[in-house]
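Colleague: Sharing a structure, written as structure tokens. Questions coming.
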Amino acid sequence: MGAEMDLSVRIGALTLKNPLIAASGCFGYGVEYADLVDLASLGGVAVKGLFLAEREGHPSPRIVETPAGMLNAIGLQGIGVRRFIFEKLPELRARRATVIVNICGSTLDEYVEISRILSDAEGVAAIELNISCPNIKEGGMQFGCSLTGTFDVVSAVRKVTRLPLIPKLTPNVTDVASFARASADAGADAVSLVNTFLAMAIDVETRRPKISNVVGGLSGPAIRPIAVRMVYECRQAVKIPIIGMGGITDARDAIEFMIAGATAVQVGTANFVDPFIWPKLIDGISDYMRRHQIARVADLVGTLDTAAGDKEWTAS
Amino acid sequence: MIANRQLSSDYNVLALRAPSIAAAASPGQFVMVKAGSGHDPLLRRPFSVFEVLRDQTAGVTGLSLLNKRIGVSTSLLYAARLGERIACLGPLGRPFSPVDAPTEAWMVAGGVGLAPFATLAHALCSRGVRSTLFYGARRAQELFYLDLFRGLGVELVLTTEDGSAGERGRVVAPLERRLAARRADAPVMVYACGPEGMLASTAKIAVRYNRPCQVSVERIMGCGLGGCYSCVVPMRSDDGRVHHVRSCLSGPVLPGDQISWE
Ligand SMILES: Cc1cc2nc3c(=O)[nH]c(=O)nc-3n(C[C@H](O)[C@H](O)[C@H](O)COP(=O)(O)O)c2cc1C
């Protein structure tokens, strides 16, 4: 097969050069990594969640390691959208990063206002609507855990921006596919999932919670099988592209999400462990495509084979 | 991993062949180390660069870490075997600023908080700065590398919790007495690394005696690169407001008088 392999994928009107995106909250504002990672080589960079104003977040300890994962309650510390545009966006543009801005609001109006501001800024490729932060009361969960809330916030933001709009869904609901459907109905260009799973860890000697916020969000390899299942469910519910994430640590994990139905993937926690993971992921996906004779990575999306297995074989 | 010297049942010094990291490291900087392979433990842990290792011709060959067995990662590093490959990322963070003579350097170390002071003592020694190490541990057997500091001409003031070596009690007690005995205009820079309570006391004592103090804080870190906002320290700015700063980027060495300790 020819040397020309096409790693690009489309999210609405946006074309990503490959399906690999740095997950929000796990890559700072991108600029922190600019000397270690060629930002232009990534499909996209989803920056740390931004409110309208600056926020200080929760006291430490903010994270704790758990089996094959970690719990975090950062509390969405951030510099606010205006400082982001002024202080970080120019460098991201200079580094030719595809910038996906993750935004949070305490009210519907705040989401709308931030989206308006971002639509006027130069160099924003897409907006990821964080309606799924489990760690703060006003972190959008009141939108992300209610179907009408999801529909309303996506519709309202849709009215003020032409930027690709990607609601980020919480896994802390019974039927995540219905939230993907509500997002699509409201005009979303894609959905991303999953945000972290609400979870908890206790020091049994002191009987104290291991993080200051008592509860936090679980991420990392521990959550991957659940996240894959949720992507699979959403794939069957909506036609818009899905950006899958949750515990991806190597190319095979990324491919698993794509087979389940994700057009692109995000990598969060694994970037903490190995900031040099990105070229390895790209090489791993290319290698897989070569071995399976897939010319366009987009052709891999949603190719799960659920046909019955080998008929010859019978259970004993 | 080129050497694992177990100092006690809890402490070891791990030597890594990482010449380029070692050559670039300044006193007080840290590295992010991944213990074991696979997903348990998952995250890297921050370690101060303890020593910069050199061969006979003074060429840099690697670095060492002072490790105390506390959790899963530190237990794996305690038991690490020769030749094992250990991922090590760095040097990271803001280092100590070494002073110049005639300012004296007073280093305050608690337990494994000794780690950043071997390289700092070297830097101070080569600048001809009079240096003192106030070093506290649980017991005599946990006071390590005293000869290294003596060899550099560092005066040692030792304390142990059980009184088995030096003065019985906390390391901040002799620090405070010595500062009280000093002329108020004698220039002293205080450097501190150790448990949070010790750092807070040291910083407050330094303020009381009107001396600058650089503390090396230890926070749970997710990445060491500014990506996760886990390792924040509350810092008071000039307007009195408290901001959370990432200790991996703005620290680990921070001005003690600006940290909001409560
Ligand atoms: C420390 C930390 C901070 C995060 N902050 C955000 C955030 O600001 N906005 C957001 O939408 N998701 C945030 N997330 C969730 C991740 O983007 C991602 O959805 C989740 O971690 C699952 O992916 P992973 O297992 O690859 O980390 C954060 C996750 C972590 C671990």
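Labels used: A, B, ... for chains in the order of the structure tokens, numbers from 1 for residues in each chain, and numbers from 1 for ligands as shown.
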Sorted by chain and rising residue number, which residues of chain B lie within 12 Å of ligand 1, and what are their closest atom pairs and distances in Å to one decimal, counting only C-alpha atoms and all ligand atoms, as a tab-separated table?
Modeller:
```
residue	atom	partner	partner_atom_place_in_ligand_line	distance
B:Leu42	CA	ligand 1	25 (O)	11.5
B:Leu43	CA	ligand 1	31 (C)	11.1
B:Ile220	CA	ligand 1	1 (C)	11.7
B:Met221	CA	ligand 1	1 (C)	10.0
B:Gly222	CA	ligand 1	1 (C)	7.4
B:Cys223	CA	ligand 1	1 (C)	9.2
B:Gly226	CA	ligand 1	1 (C)	10.6
B:Gly227	CA	ligand 1	1 (C)	8.0
B:Cys228	CA	ligand 1	1 (C)	4.7
B:Tyr229	CA	ligand 1	1 (C)	6.7
B:Ser230	CA	ligand 1	1 (C)	6.7
B:Cys231	CA	ligand 1	1 (C)	10.3
```
Colleague: Go ahead and dump the residues you just picked, N, CA, C and O atoms, as a tab-separated table (two decimals), in the first residue's frame.
Modeller:
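Saved the output as result14.tsv:
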```tsv
chain	number	residue	atom	x	y	z
B	42	LEU	N	1.03	5.03	38.98
B	42	LEU	CA	0.80	5.63	37.66
B	42	LEU	C	1.66	6.87	37.44
B	42	LEU	O	2.30	7.01	36.41
B	43	LEU	N	1.64	7.76	38.41
B	43	LEU	CA	2.25	9.08	38.21
B	43	LEU	C	3.72	9.10	38.62
B	43	LEU	O	4.17	8.27	39.42
B	220	ILE	N	2.06	17.46	46.49
B	220	ILE	CA	1.76	16.36	45.59
B	220	ILE	C	1.72	16.94	44.18
B	220	ILE	O	0.99	17.89	43.93
B	221	MET	N	2.53	16.39	43.30
B	221	MET	CA	2.60	16.92	41.95
B	221	MET	C	2.07	15.89	40.96
B	221	MET	O	2.39	14.72	41.07
B	222	GLY	N	1.30	16.36	39.98
B	222	GLY	CA	0.82	15.45	38.96
B	222	GLY	C	1.79	15.34	37.80
B	222	GLY	O	2.01	14.26	37.27
B	223	CYS	N	2.36	16.47	37.41
B	223	CYS	CA	3.16	16.46	36.18
B	223	CYS	C	4.52	17.13	36.32
B	223	CYS	O	5.45	16.78	35.62
B	226	GLY	N	3.57	22.17	35.05
B	226	GLY	CA	2.58	23.24	34.98
B	226	GLY	C	1.29	22.86	34.30
B	226	GLY	O	0.43	23.70	34.06
B	227	GLY	N	1.12	21.57	34.02
B	227	GLY	CA	-0.04	21.14	33.26
B	227	GLY	C	-1.29	20.89	34.08
B	227	GLY	O	-2.40	21.03	33.58
B	228	CYS	N	-1.12	20.54	35.36
B	228	CYS	CA	-2.28	20.00	36.09
B	228	CYS	C	-2.82	20.87	37.22
B	228	CYS	O	-3.91	20.63	37.71
B	229	TYR	N	-2.05	21.85	37.67
B	229	TYR	CA	-2.50	22.71	38.78
B	229	TYR	C	-2.75	21.94	40.07
B	229	TYR	O	-3.63	22.29	40.85
B	230	SER	N	-1.98	20.88	40.30
B	230	SER	CA	-2.15	20.11	41.54
B	230	SER	C	-1.32	20.66	42.68
B	230	SER	O	-1.71	20.57	43.83
B	231	CYS	N	-0.15	21.19	42.36
B	231	CYS	CA	0.88	21.42	43.37
B	231	CYS	C	0.89	22.85	43.89
B	231	CYS	O	1.93	23.36	44.26
```
Colleague: What residues in stretch 31-212 of chain B get the DSSP label strand (DSSP E)? Please answer as a ChimeraX atom specification.
Modeller: /B:31-34,45-48,51-54,60-68,87-92,104-110,131-137,155-160,167-168,188-193
Colleague: Residues of chain A within 7 Å of chain B, counting only C-alpha atoms, what are they? List them as a ChimeraX atom specification.
Modeller: /A:25-28,32,56,60-63,67-69,74,272-273
Colleague: Could you write out that same residue set with N, CA and C atoms as an mmCIF file, in the first residue's frame?
Modeller:
```cif
data_model
loop_
_atom_site.group_PDB
_atom_site.id
_atom_site.type_symbol
_atom_site.label_atom_id
_atom_site.label_comp_id
_atom_site.auth_asym_id
_atom_site.auth_seq_id
_atom_site.Cartn_x
_atom_site.Cartn_y
_atom_site.Cartn_z
ATOM 1 N N GLY A 25 -7.288 20.570 31.021
ATOM 2 C CA GLY A 25 -6.891 20.449 32.419
ATOM 3 C C GLY A 25 -5.674 19.582 32.617
ATOM 4 N N CYS A 26 -5.203 18.978 31.540
ATOM 5 C CA CYS A 26 -4.067 18.059 31.638
ATOM 6 C C CYS A 26 -2.891 18.552 30.805
ATOM 7 N N PHE A 27 -2.996 19.786 30.329
ATOM 8 C CA PHE A 27 -1.984 20.314 29.417
ATOM 9 C C PHE A 27 -1.836 21.817 29.635
ATOM 10 N N GLY A 28 -2.197 22.277 30.843
ATOM 11 C CA GLY A 28 -2.134 23.707 31.154
ATOM 12 C C GLY A 28 -2.860 24.510 30.095
ATOM 13 N N GLU A 32 2.775 25.836 28.427
ATOM 14 C CA GLU A 32 3.687 25.190 29.386
ATOM 15 C C GLU A 32 4.459 24.052 28.712
ATOM 16 N N GLU A 56 -9.366 30.900 41.862
ATOM 17 C CA GLU A 56 -8.217 30.340 42.583
ATOM 18 C C GLU A 56 -8.311 28.828 42.793
ATOM 19 N N SER A 60 -5.022 22.693 48.487
ATOM 20 C CA SER A 60 -4.402 21.386 48.302
ATOM 21 C C SER A 60 -4.645 20.543 49.558
ATOM 22 N N PRO A 61 -4.554 19.231 49.521
ATOM 23 C CA PRO A 61 -4.203 18.439 48.349
ATOM 24 C C PRO A 61 -5.337 18.346 47.336
ATOM 25 N N ARG A 62 -4.935 18.482 46.074
ATOM 26 C CA ARG A 62 -5.915 18.497 44.996
ATOM 27 C C ARG A 62 -5.968 17.198 44.216
ATOM 28 N N ILE A 63 -4.946 16.383 44.342
ATOM 29 C CA ILE A 63 -4.988 15.093 43.637
ATOM 30 C C ILE A 63 -4.518 13.991 44.567
ATOM 31 N N PRO A 67 -5.728 3.193 42.287
ATOM 32 C CA PRO A 67 -5.272 2.102 41.425
ATOM 33 C C PRO A 67 -5.450 2.430 39.931
ATOM 34 N N ALA A 68 -4.351 2.452 39.210
ATOM 35 C CA ALA A 68 -4.341 2.750 37.772
ATOM 36 C C ALA A 68 -5.085 4.035 37.424
ATOM 37 N N GLY A 69 -5.062 4.972 38.324
ATOM 38 C CA GLY A 69 -5.755 6.217 38.043
ATOM 39 C C GLY A 69 -5.419 7.290 39.048
ATOM 40 N N ILE A 74 -9.329 20.022 41.346
ATOM 41 C CA ILE A 74 -8.542 21.250 41.202
ATOM 42 C C ILE A 74 -9.442 22.444 41.516
ATOM 43 N N PHE A 272 0.614 13.449 31.841
ATOM 44 C CA PHE A 272 1.355 13.738 33.072
ATOM 45 C C PHE A 272 2.492 12.733 33.242
ATOM 46 N N VAL A 273 2.185 11.489 32.944
ATOM 47 C CA VAL A 273 3.169 10.417 33.136
ATOM 48 C C VAL A 273 4.284 10.544 32.108
#
```
Colleague: Pick out the closest residue to A:Glu233 from this set: A:Pro221, A:Gly30, A:Pro19, A:Gly261. Count only C-alpha atoms.
Modeller: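 Distance minimum relative to A:Glu233 lands on A:Gly261.
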Colleague: If we count only C-alpha atoms and set the cut-off at 8 Å, which residues sit around B:Arg139, ignoring sequence neighbours fewer than 2 positions away in its own chain? Please answer as JSON, numbers by chain.
Modeller: {"B": [137, 141, 142, 143, 160, 161, 162, 163, 164, 165]}
Colleague: So, counting only C-alpha atoms, which residue among B:Ala203, B:Ser247, B:Cys125, B:Arg208 is closest to B:Trp261?
Modeller: B:Ala203
Colleague: List the neighbours of stretch 111-116 of chain B out to 10 Å using only C-alpha atoms; skip same-chain residues closer than 6 positions along the sequence, and give me the result as an MDAnalysis selection string.
Modeller: chainID B and resid 11 13 26:30 47:51 64:68 95:96 133:139 142:145 160 191:195 216:218
Colleague: Output C-alpha atoms for every residue in the selection just made, as a JSON list (two decimals), in the first residue's frame.
Modeller:
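This is the output file again.json:
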```
[["chain", "number", "residue", "atom", "x", "y", "z"],
["B", 11, "TYR", "CA", 16.35, 5.75, 53.43],
["B", 13, "VAL", "CA", 20.44, 7.09, 47.81],
["B", 26, "SER", "CA", 21.00, 24.01, 39.80],
["B", 27, "PRO", "CA", 20.73, 23.58, 43.60],
["B", 28, "GLY", "CA", 17.08, 23.22, 44.63],
["B", 29, "GLN", "CA", 15.80, 22.00, 41.27],
["B", 30, "PHE", "CA", 13.95, 18.71, 41.01],
["B", 47, "PHE", "CA", 12.66, 14.45, 43.86],
["B", 48, "SER", "CA", 15.29, 17.07, 44.60],
["B", 49, "VAL", "CA", 18.59, 16.48, 42.87],
["B", 50, "PHE", "CA", 20.69, 15.32, 45.83],
["B", 51, "GLU", "CA", 24.19, 15.09, 44.32],
["B", 64, "SER", "CA", 21.61, 10.94, 42.88],
["B", 65, "LEU", "CA", 18.32, 11.14, 44.76],
["B", 66, "LEU", "CA", 17.78, 10.90, 48.50],
["B", 67, "ASN", "CA", 14.74, 8.69, 48.90],
["B", 68, "LYS", "CA", 12.64, 7.88, 51.96],
["B", 95, "PRO", "CA", 16.40, 26.83, 42.17],
["B", 96, "PHE", "CA", 17.75, 28.43, 45.32],
["B", 133, "LEU", "CA", 23.43, 23.38, 58.37],
["B", 134, "PHE", "CA", 20.72, 23.00, 61.00],
["B", 135, "TYR", "CA", 19.70, 19.41, 60.51],
["B", 136, "GLY", "CA", 16.97, 17.61, 62.43],
["B", 137, "ALA", "CA", 15.95, 13.95, 62.28],
["B", 138, "ARG", "CA", 14.09, 11.41, 64.38],
["B", 139, "ARG", "CA", 17.26, 9.75, 65.69],
["B", 142, "GLU", "CA", 18.84, 9.08, 60.41],
["B", 143, "LEU", "CA", 21.36, 11.92, 60.22],
["B", 144, "PHE", "CA", 23.07, 11.21, 56.91],
["B", 145, "TYR", "CA", 26.01, 12.52, 54.91],
["B", 160, "THR", "CA", 17.11, 14.58, 67.06],
["B", 191, "TYR", "CA", 17.25, 28.24, 53.35],
["B", 192, "ALA", "CA", 14.76, 25.57, 54.42],
["B", 193, "CYS", "CA", 13.47, 22.21, 53.25],
["B", 194, "GLY", "CA", 11.52, 19.68, 55.27],
["B", 195, "PRO", "CA", 8.07, 18.98, 56.71],
["B", 216, "SER", "CA", 11.67, 24.55, 49.18],
["B", 217, "VAL", "CA", 8.09, 23.30, 49.43],
["B", 218, "GLU", "CA", 6.87, 19.81, 48.75]]
```
Colleague: With a distance cut-off of 6 Å and only C-alpha atoms, select the neighbouring residues of A:Val267, excluding the residue or stretch itself and same-chain residues fewer than 5 positions from it, and output the selection as a ChimeraX atom specification.
Modeller: /A:22-23,248
Colleague: Take the residues just selected and output them with C-alpha atoms as a JSON list (two decimals), in the first residue's frame.
Modeller:
```json
[["chain", "number", "residue", "atom", "x", "y", "z"],
["A", 22, "ALA", "CA", -4.46, 17.12, 24.52],
["A", 23, "ALA", "CA", -7.28, 16.91, 27.08],
["A", 248, "ILE", "CA", -5.76, 6.43, 26.92]]
```
Colleague: Taking the DSSP secondary structure from the backbone, can you list the residues of stretch 61-274 of chain A that are alpha helix (DSSP H), as a PyMOL selection string?
Modeller: chain A and resi 81-83+89-94+108-120+141-144+147-160+176-185+224-237+251-260+269-273
Colleague: What would the file look like if the residues just selected were written as a PDB file, in the first residue's frame with C-alpha atoms?
Modeller:
```
ATOM      1  CA  VAL A  81     -11.041  34.107  29.281  1.00  0.00           C
ATOM      2  CA  ARG A  82      -9.776  37.657  28.683  1.00  0.00           C
ATOM      3  CA  ARG A  83      -6.353  37.079  30.178  1.00  0.00           C
ATOM      4  CA  LEU A  89      -3.400  32.738  22.728  1.00  0.00           C
ATOM      5  CA  PRO A  90      -0.679  34.716  20.880  1.00  0.00           C
ATOM      6  CA  GLU A  91       1.975  32.134  21.749  1.00  0.00           C
ATOM      7  CA  LEU A  92      -0.347  29.246  20.867  1.00  0.00           C
ATOM      8  CA  ARG A  93      -0.949  30.891  17.499  1.00  0.00           C
ATOM      9  CA  ALA A  94       2.773  31.455  16.980  1.00  0.00           C
ATOM     10  CA  LEU A 108     -26.143  30.110  31.075  1.00  0.00           C
ATOM     11  CA  ASP A 109     -25.318  33.751  30.441  1.00  0.00           C
ATOM     12  CA  GLU A 110     -21.706  33.183  31.403  1.00  0.00           C
ATOM     13  CA  TYR A 111     -21.321  30.426  28.783  1.00  0.00           C
ATOM     14  CA  VAL A 112     -22.863  32.725  26.208  1.00  0.00           C
ATOM     15  CA  GLU A 113     -20.696  35.690  27.160  1.00  0.00           C
ATOM     16  CA  ILE A 114     -17.453  33.673  27.048  1.00  0.00           C
ATOM     17  CA  SER A 115     -18.421  32.171  23.688  1.00  0.00           C
ATOM     18  CA  ARG A 116     -19.090  35.607  22.300  1.00  0.00           C
ATOM     19  CA  ILE A 117     -15.700  36.842  23.450  1.00  0.00           C
ATOM     20  CA  LEU A 118     -13.949  33.808  21.993  1.00  0.00           C
ATOM     21  CA  SER A 119     -15.737  34.164  18.664  1.00  0.00           C
ATOM     22  CA  ASP A 120     -14.164  37.599  18.257  1.00  0.00           C
ATOM     23  CA  MET A 141     -23.034  19.973  36.186  1.00  0.00           C
ATOM     24  CA  GLN A 142     -26.471  21.530  36.628  1.00  0.00           C
ATOM     25  CA  PHE A 143     -26.451  21.768  32.828  1.00  0.00           C
ATOM     26  CA  GLY A 144     -24.619  18.533  32.137  1.00  0.00           C
ATOM     27  CA  LEU A 147     -31.311  17.005  29.421  1.00  0.00           C
ATOM     28  CA  THR A 148     -33.114  20.324  29.180  1.00  0.00           C
ATOM     29  CA  GLY A 149     -30.140  22.076  30.784  1.00  0.00           C
ATOM     30  CA  THR A 150     -27.833  20.568  28.181  1.00  0.00           C
ATOM     31  CA  PHE A 151     -30.172  21.468  25.356  1.00  0.00           C
ATOM     32  CA  ASP A 152     -30.640  25.022  26.615  1.00  0.00           C
ATOM     33  CA  VAL A 153     -26.987  25.863  27.113  1.00  0.00           C
ATOM     34  CA  VAL A 154     -25.912  24.377  23.789  1.00  0.00           C
ATOM     35  CA  SER A 155     -28.724  26.182  21.925  1.00  0.00           C
ATOM     36  CA  ALA A 156     -27.933  29.484  23.615  1.00  0.00           C
ATOM     37  CA  VAL A 157     -24.230  29.291  22.774  1.00  0.00           C
ATOM     38  CA  ARG A 158     -25.034  28.077  19.275  1.00  0.00           C
ATOM     39  CA  LYS A 159     -26.878  31.334  18.631  1.00  0.00           C
ATOM     40  CA  VAL A 160     -23.797  33.471  19.317  1.00  0.00           C
ATOM     41  CA  VAL A 176     -25.069   9.358  28.494  1.00  0.00           C
ATOM     42  CA  ALA A 177     -26.371   8.758  24.951  1.00  0.00           C
ATOM     43  CA  SER A 178     -29.465  10.836  25.663  1.00  0.00           C
ATOM     44  CA  PHE A 179     -27.186  13.775  26.496  1.00  0.00           C
ATOM     45  CA  ALA A 180     -25.343  13.318  23.219  1.00  0.00           C
ATOM     46  CA  ARG A 181     -28.719  13.411  21.486  1.00  0.00           C
ATOM     47  CA  ALA A 182     -29.802  16.570  23.338  1.00  0.00           C
ATOM     48  CA  SER A 183     -26.500  18.193  22.312  1.00  0.00           C
ATOM     49  CA  ALA A 184     -26.939  17.222  18.671  1.00  0.00           C
ATOM     50  CA  ASP A 185     -30.542  18.444  18.661  1.00  0.00           C
ATOM     51  CA  ARG A 224     -11.082   3.335  30.138  1.00  0.00           C
ATOM     52  CA  PRO A 225     -13.465   0.377  29.676  1.00  0.00           C
ATOM     53  CA  ILE A 226     -16.403   2.419  30.963  1.00  0.00           C
ATOM     54  CA  ALA A 227     -15.471   5.356  28.752  1.00  0.00           C
ATOM     55  CA  VAL A 228     -15.203   3.097  25.691  1.00  0.00           C
ATOM     56  CA  ARG A 229     -18.669   1.702  26.402  1.00  0.00           C
ATOM     57  CA  MET A 230     -20.096   5.206  26.672  1.00  0.00           C
ATOM     58  CA  VAL A 231     -18.547   6.278  23.372  1.00  0.00           C
ATOM     59  CA  TYR A 232     -20.026   3.167  21.798  1.00  0.00           C
ATOM     60  CA  GLU A 233     -23.487   4.028  23.169  1.00  0.00           C
ATOM     61  CA  CYS A 234     -23.271   7.605  21.901  1.00  0.00           C
ATOM     62  CA  ARG A 235     -22.124   6.412  18.473  1.00  0.00           C
ATOM     63  CA  GLN A 236     -25.411   4.579  18.121  1.00  0.00           C
ATOM     64  CA  ALA A 237     -27.426   7.575  19.272  1.00  0.00           C
ATOM     65  CA  ALA A 251      -1.910   4.012  20.450  1.00  0.00           C
ATOM     66  CA  ARG A 252      -3.900   0.822  20.965  1.00  0.00           C
ATOM     67  CA  ASP A 253      -6.084   2.544  23.539  1.00  0.00           C
ATOM     68  CA  ALA A 254      -6.686   5.427  21.132  1.00  0.00           C
ATOM     69  CA  ILE A 255      -7.582   2.984  18.356  1.00  0.00           C
ATOM     70  CA  GLU A 256      -9.985   1.183  20.690  1.00  0.00           C
ATOM     71  CA  PHE A 257     -11.928   4.431  21.158  1.00  0.00           C
ATOM     72  CA  MET A 258     -11.974   5.034  17.406  1.00  0.00           C
ATOM     73  CA  ILE A 259     -13.283   1.555  16.684  1.00  0.00           C
ATOM     74  CA  ALA A 260     -15.988   2.166  19.290  1.00  0.00           C
ATOM     75  CA  THR A 269      -3.643  11.793  32.590  1.00  0.00           C
ATOM     76  CA  ALA A 270      -1.144   9.876  30.439  1.00  0.00           C
ATOM     77  CA  ASN A 271       0.416  13.178  29.418  1.00  0.00           C
ATOM     78  CA  PHE A 272       1.355  13.738  33.072  1.00  0.00           C
ATOM     79  CA  VAL A 273       3.169  10.417  33.136  1.00  0.00           C
TER      80      VAL A 273
END
```
Colleague: Determine, counting only C-alpha atoms, which protein, DNA and RNA residues have an atom within 12 Å of an atom of B:Arg182; residues of the same chain fewer than 4 positions away are not included. Present the result as a list in words.
Modeller: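 Answer for this query is Glu104, Leu175, Glu176, Arg177, Arg178, Ala186, Pro187, Val188, Tyr209, Asn210 and Arg211 of chain B.
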Colleague: Residues as selected, N, CA, C and O atoms, written as a PDB file, in the first residue's frame, can you do that?
Modeller:
```
ATOM      1  N   GLU B 104      25.961  35.277  55.346  1.00  0.00           N
ATOM      2  CA  GLU B 104      26.083  33.867  55.724  1.00  0.00           C
ATOM      3  C   GLU B 104      24.869  33.094  55.239  1.00  0.00           C
ATOM      4  O   GLU B 104      23.777  33.657  55.096  1.00  0.00           O
ATOM      5  N   LEU B 175      17.939  27.195  65.705  1.00  0.00           N
ATOM      6  CA  LEU B 175      17.917  28.245  64.678  1.00  0.00           C
ATOM      7  C   LEU B 175      17.495  29.567  65.304  1.00  0.00           C
ATOM      8  O   LEU B 175      18.137  30.601  65.136  1.00  0.00           O
ATOM      9  N   GLU B 176      16.415  29.501  66.075  1.00  0.00           N
ATOM     10  CA  GLU B 176      15.897  30.732  66.679  1.00  0.00           C
ATOM     11  C   GLU B 176      16.901  31.305  67.686  1.00  0.00           C
ATOM     12  O   GLU B 176      17.156  32.506  67.706  1.00  0.00           O
ATOM     13  N   ARG B 177      17.510  30.448  68.517  1.00  0.00           N
ATOM     14  CA  ARG B 177      18.487  30.926  69.503  1.00  0.00           C
ATOM     15  C   ARG B 177      19.657  31.621  68.829  1.00  0.00           C
ATOM     16  O   ARG B 177      20.109  32.671  69.260  1.00  0.00           O
ATOM     17  N   ARG B 178      20.110  31.004  67.746  1.00  0.00           N
ATOM     18  CA  ARG B 178      21.281  31.596  67.073  1.00  0.00           C
ATOM     19  C   ARG B 178      20.947  32.941  66.433  1.00  0.00           C
ATOM     20  O   ARG B 178      21.761  33.850  66.415  1.00  0.00           O
ATOM     21  N   ALA B 186      23.628  41.752  60.992  1.00  0.00           N
ATOM     22  CA  ALA B 186      24.514  40.758  60.371  1.00  0.00           C
ATOM     23  C   ALA B 186      23.731  40.026  59.289  1.00  0.00           C
ATOM     24  O   ALA B 186      22.699  39.412  59.572  1.00  0.00           O
ATOM     25  N   PRO B 187      24.173  40.087  58.040  1.00  0.00           N
ATOM     26  CA  PRO B 187      23.369  39.502  56.965  1.00  0.00           C
ATOM     27  C   PRO B 187      23.379  37.974  56.953  1.00  0.00           C
ATOM     28  O   PRO B 187      24.450  37.352  56.941  1.00  0.00           O
ATOM     29  N   VAL B 188      22.204  37.397  56.994  1.00  0.00           N
ATOM     30  CA  VAL B 188      22.040  35.940  56.955  1.00  0.00           C
ATOM     31  C   VAL B 188      20.923  35.609  55.979  1.00  0.00           C
ATOM     32  O   VAL B 188      19.854  36.232  56.019  1.00  0.00           O
ATOM     33  N   TYR B 209      13.085  37.782  62.878  1.00  0.00           N
ATOM     34  CA  TYR B 209      14.443  38.323  62.996  1.00  0.00           C
ATOM     35  C   TYR B 209      14.864  39.068  61.726  1.00  0.00           C
ATOM     36  O   TYR B 209      16.039  39.311  61.507  1.00  0.00           O
ATOM     37  N   ASN B 210      13.854  39.371  60.918  1.00  0.00           N
ATOM     38  CA  ASN B 210      14.094  40.262  59.789  1.00  0.00           C
ATOM     39  C   ASN B 210      15.144  39.729  58.805  1.00  0.00           C
ATOM     40  O   ASN B 210      15.985  40.475  58.321  1.00  0.00           O
ATOM     41  N   ARG B 211      15.104  38.404  58.568  1.00  0.00           N
ATOM     42  CA  ARG B 211      16.046  37.816  57.611  1.00  0.00           C
ATOM     43  C   ARG B 211      15.264  37.220  56.445  1.00  0.00           C
ATOM     44  O   ARG B 211      14.157  36.679  56.639  1.00  0.00           O
TER      45      ARG B 211
END
```
Colleague: Quick one, how far is atom CA of B:Ile86 from atom CA of B:Ser73?
Modeller: 11.5 Å
Colleague: What lies within 9 Å of B:Thr61 using only C-alpha atoms, ignoring chain neighbours under 4 positions off, as a PyMOL selection string?
Modeller: chain B and resi 16-20+22-23+52-55
